[in-house]
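Everything below belongs to run_28.pdb, which stores PDB, C-alpha atoms.
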ATOM      1  CA  MET A   1      46.839  47.090 150.087
ATOM      2  CA  ALA A   2      46.830  48.628 146.589
ATOM      3  CA  GLU A   3      46.426  46.316 143.634
ATOM      4  CA  ASN A   4      49.044  46.551 140.873
ATOM      5  CA  VAL A   5      47.014  46.976 137.703
ATOM      6  CA  GLN A   6      48.577  47.546 134.306
ATOM      7  CA  VAL A   7      46.924  50.428 132.454
ATOM      8  CA  HIS A   8      46.548  50.128 128.707
ATOM      9  CA  SER A   9      44.653  51.893 125.992
ATOM     10  CA  ALA A  10      41.444  49.892 125.906
ATOM     11  CA  ALA A  11      40.122  51.894 122.981
ATOM     12  CA  ALA A  12      43.134  51.095 120.784
ATOM     13  CA  CYS A  13      43.117  47.406 121.717
ATOM     14  CA  ASP A  14      39.353  47.050 121.351
ATOM     15  CA  GLY A  15      39.465  48.895 118.034
ATOM     16  CA  ALA A  16      42.153  46.612 116.610
ATOM     17  CA  ILE A  17      40.396  43.450 117.810
ATOM     18  CA  SER A  18      37.045  44.696 116.495
ATOM     19  CA  LEU A  19      38.608  45.490 113.129
ATOM     20  CA  ALA A  20      40.205  42.035 112.912
ATOM     21  CA  PHE A  21      37.000  40.216 113.846
ATOM     22  CA  THR A  22      34.912  42.349 111.488
ATOM     23  CA  LEU A  23      36.870  40.772 108.650
ATOM     24  CA  LEU A  24      37.817  37.384 110.096
ATOM     25  CA  GLY A  25      34.474  36.798 111.783
ATOM     26  CA  LYS A  26      32.632  36.631 108.494
ATOM     27  CA  ARG A  27      31.627  33.170 107.439
ATOM     28  CA  TRP A  28      34.043  31.584 104.959
ATOM     29  CA  ASN A  29      36.944  34.050 105.367
ATOM     30  CA  GLY A  30      38.911  31.796 107.716
ATOM     31  CA  MET A  31      38.413  28.812 105.413
ATOM     32  CA  ILE A  32      39.493  30.811 102.356
ATOM     33  CA  ILE A  33      42.642  32.003 104.116
ATOM     34  CA  ASP A  34      43.395  28.471 105.315
ATOM     35  CA  VAL A  35      42.947  26.972 101.833
ATOM     36  CA  LEU A  36      45.142  29.639 100.243
ATOM     37  CA  GLY A  37      47.812  28.985 102.887
ATOM     38  CA  SER A  38      49.145  26.018 100.967
ATOM     39  CA  GLN A  39      49.270  27.454  97.436
ATOM     40  CA  PRO A  40      47.781  29.982  95.016
ATOM     41  CA  LEU A  41      44.488  28.770  93.552
ATOM     42  CA  THR A  42      42.121  29.719  90.769
ATOM     43  CA  PHE A  43      38.567  30.783  91.535
ATOM     44  CA  VAL A  44      37.238  27.379  90.455
ATOM     45  CA  ALA A  45      39.760  25.504  92.602
ATOM     46  CA  LEU A  46      38.852  27.719  95.579
ATOM     47  CA  ARG A  47      35.151  27.060  95.062
ATOM     48  CA  ARG A  48      35.826  23.311  95.084
ATOM     49  CA  ALA A  49      38.024  23.545  98.184
ATOM     50  CA  VAL A  50      35.566  25.659 100.202
ATOM     51  CA  THR A  51      32.577  23.341 100.108
ATOM     52  CA  GLY A  52      29.161  24.982 100.235
ATOM     53  CA  ILE A  53      30.113  28.536  99.270
ATOM     54  CA  SER A  54      28.296  30.192  96.365
ATOM     55  CA  ASP A  55      30.154  31.921  93.536
ATOM     56  CA  ALA A  56      28.742  35.308  94.557
ATOM     57  CA  VAL A  57      29.799  34.954  98.200
ATOM     58  CA  LEU A  58      33.253  33.651  97.246
ATOM     59  CA  SER A  59      33.750  36.586  94.895
ATOM     60  CA  ASP A  60      32.602  39.017  97.604
ATOM     61  CA  ARG A  61      34.866  37.495 100.269
ATOM     62  CA  LEU A  62      37.891  37.461  97.938
ATOM     63  CA  SER A  63      37.313  41.144  97.156
ATOM     64  CA  GLU A  64      37.130  41.960 100.885
ATOM     65  CA  LEU A  65      40.257  39.984 101.667
ATOM     66  CA  ALA A  66      42.107  41.648  98.779
ATOM     67  CA  ALA A  67      40.981  45.113  99.913
ATOM     68  CA  ALA A  68      42.279  44.291 103.408
ATOM     69  CA  GLY A  69      45.668  43.350 101.943
ATOM     70  CA  LEU A  70      45.456  39.658 102.837
ATOM     71  CA  VAL A  71      44.893  38.193  99.358
ATOM     72  CA  GLU A  72      46.392  39.126  96.005
ATOM     73  CA  ARG A  73      44.547  38.596  92.714
ATOM     74  CA  THR A  74      46.689  37.835  89.662
ATOM     75  CA  VAL A  75      45.393  37.762  86.083
ATOM     76  CA  SER A  76      47.417  35.888  83.468
ATOM     77  CA  ASN A  77      46.665  36.794  79.875
ATOM     78  CA  GLY A  78      46.551  33.208  78.618
ATOM     79  CA  PRO A  79      44.946  32.085  76.394
ATOM     80  CA  PRO A  80      42.814  31.232  78.155
ATOM     81  CA  VAL A  81      42.765  34.132  80.606
ATOM     82  CA  SER A  82      43.262  32.817  84.130
ATOM     83  CA  VAL A  83      42.759  34.461  87.519
ATOM     84  CA  SER A  84      44.499  33.136  90.598
ATOM     85  CA  TYR A  85      44.489  34.154  94.238
ATOM     86  CA  GLU A  86      47.254  33.865  96.806
ATOM     87  CA  LEU A  87      47.971  35.130 100.276
ATOM     88  CA  THR A  88      50.057  38.248 100.691
ATOM     89  CA  THR A  89      52.781  38.377 103.340
ATOM     90  CA  ALA A  90      50.205  39.731 105.807
ATOM     91  CA  GLY A  91      47.833  36.886 104.923
ATOM     92  CA  LYS A  92      50.567  34.287 105.424
ATOM     93  CA  ARG A  93      51.392  35.790 108.829
ATOM     94  CA  LEU A  94      47.764  35.262 109.804
ATOM     95  CA  ILE A  95      47.831  31.452 109.327
ATOM     96  CA  PRO A  96      49.571  30.613 112.645
ATOM     97  CA  VAL A  97      47.317  33.072 114.489
ATOM     98  CA  LEU A  98      44.203  31.374 113.089
ATOM     99  CA  LYS A  99      45.593  27.945 113.992
ATOM    100  CA  GLN A 100      46.295  29.112 117.552
ATOM    101  CA  LEU A 101      42.807  30.592 117.817
ATOM    102  CA  GLY A 102      41.300  27.325 116.582
ATOM    103  CA  THR A 103      43.296  25.322 119.107
ATOM    104  CA  TRP A 104      42.274  27.680 121.912
ATOM    105  CA  ALA A 105      38.606  27.468 120.879
ATOM    106  CA  SER A 106      38.708  23.655 120.762
ATOM    107  CA  GLU A 107      40.255  23.494 124.202
ATOM    108  CA  ASN A 108      38.226  26.209 125.926
ATOM    109  CA  LEU A 109      34.842  26.682 124.294
ATOM    110  CA  GLU A 110      31.995  24.235 124.443
ATOM    111  CA  PRO A 111      29.575  24.566 121.499
ATOM    112  CA  ALA A 112      26.563  23.839 123.763
ATOM    113  CA  ARG A 113      27.388  26.891 125.906
ATOM    114  CA  LEU A 114      27.555  29.138 122.845
ATOM    115  CA  SER A 115      24.082  28.242 121.549
TER
END
Translate this file's structure into structure tokens.
Amino acid sequence: MAENVQVHSAAACDGAISLAFTLLGKRWNGMIIDVLGSQPLTFVALRRAVTGISDAVLSDRLSELAAAGLVERTVSNGPPVSVSYELTTAGKRLIPVLKQLGTWASENLEPARLS
């Protein structure tokens, strides 16, 4: 008896997933997106909210997320000059996906097996 198998473009799917995890798999990016999900924040407020991250790494991650179209950087002329960061529409659409992934991981992955 022949098995009914759905054929899909593995290369396209794998490429999209790989691209997503290249960005989202980096340490701190998920936390930054989560923190910005509630409101726009300044660099200093972000650094306080994401405990343990250095200024250099935070700056690097924000630049990556902005280049990917997930975070928008806004400069207000002040005085004093202020820079704030907020999620774009694409970034906001990512929040429920990250929450679902976190729930799935909590329910299905055991940290001891991943070590």
Subject >> Given the PyMOL selection byres ((chain A and resi 57) around 12), the residues it picks as a list in words >> reply: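 Selected by the PyMOL selection byres ((chain A and resi 57) around 12) in this file: Lys26, Arg27, Trp28, Asn29, Ile32, Phe43, Leu46, Arg47, Val50, Gly52, Ile53, Ser54, Asp55, Ala56, Leu58, Ser59, Asp60, Arg61, Leu62, Ser63 and Glu64 of chain A.
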Residues within 9 Å of range 91-95 of chain A, please, as an mmCIF file with C-alpha atoms, in the coordinates of the input. Count all atoms listed in the file; anything in the same chain fewer than 2 positions from it doesn't count.
data_model
loop_
_atom_site.group_PDB
_atom_site.id
_atom_site.type_symbol
_atom_site.label_atom_id
_atom_site.label_comp_id
_atom_site.auth_asym_id
_atom_site.auth_seq_id
_atom_site.Cartn_x
_atom_site.Cartn_y
_atom_site.Cartn_z
ATOM 1 C CA ILE A 33 42.642 32.003 104.116
ATOM 2 C CA ASP A 34 43.395 28.471 105.315
ATOM 3 C CA LEU A 36 45.142 29.639 100.243
ATOM 4 C CA GLY A 37 47.812 28.985 102.887
ATOM 5 C CA LEU A 65 40.257 39.984 101.667
ATOM 6 C CA GLY A 69 45.668 43.350 101.943
ATOM 7 C CA LEU A 70 45.456 39.658 102.837
ATOM 8 C CA VAL A 71 44.893 38.193 99.358
ATOM 9 C CA GLU A 86 47.254 33.865 96.806
ATOM 10 C CA LEU A 87 47.971 35.130 100.276
ATOM 11 C CA THR A 88 50.057 38.248 100.691
ATOM 12 C CA THR A 89 52.781 38.377 103.340
ATOM 13 C CA VAL A 97 47.317 33.072 114.489
ATOM 14 C CA LEU A 98 44.203 31.374 113.089
ATOM 15 C CA LYS A 99 45.593 27.945 113.992
ATOM 16 C CA GLN A 100 46.295 29.112 117.552
#
**OP:** Take CA of Arg48 in chain A and CA of Val83 in chain A and report the distance between them in Å, one decimal.
**Re:** 15.2 Å
Original post:
In Å, how far is it from CA of Glu72 in chain A to CA of Ala16 in chain A?
Top reply: 22.3 Å
**OP:** Rank nothing, just name the residue among A:Thr51, A:Pro96, A:Leu41, A:Leu101 nearest to Thr74 in chain A, using only C-alpha atoms.
**Re:**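 Among A:Thr51, A:Pro96, A:Leu41, A:Leu101, it is A:Leu41 that comes nearest to Thr74 in chain A.
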Original post:
Between CA of Pro40 in chain A and CA of Ser84 in chain A, what is the distance, to one decimal in Å?
Top reply: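 Computing the Euclidean distance for CA of Pro40 in chain A and CA of Ser84 in chain A yields 6.3 Å.
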Subject >> Closest of A:Tyr85, A:Asn108, A:Pro80, A:Phe21 to Gln39 in chain A - atom-to-atom distances counting all atoms listed in the file >> reply: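 Checking each candidate against Gln39 in chain A, we get A:Tyr85 as the closest.
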Subject >> Among the residues A:Met31, A:Ala20, A:Thr42, A:Gly102, the one that comes closest to Arg73 in chain A [using only C-alpha atoms] >> reply: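 The closest residue to Arg73 in chain A is A:Thr42.
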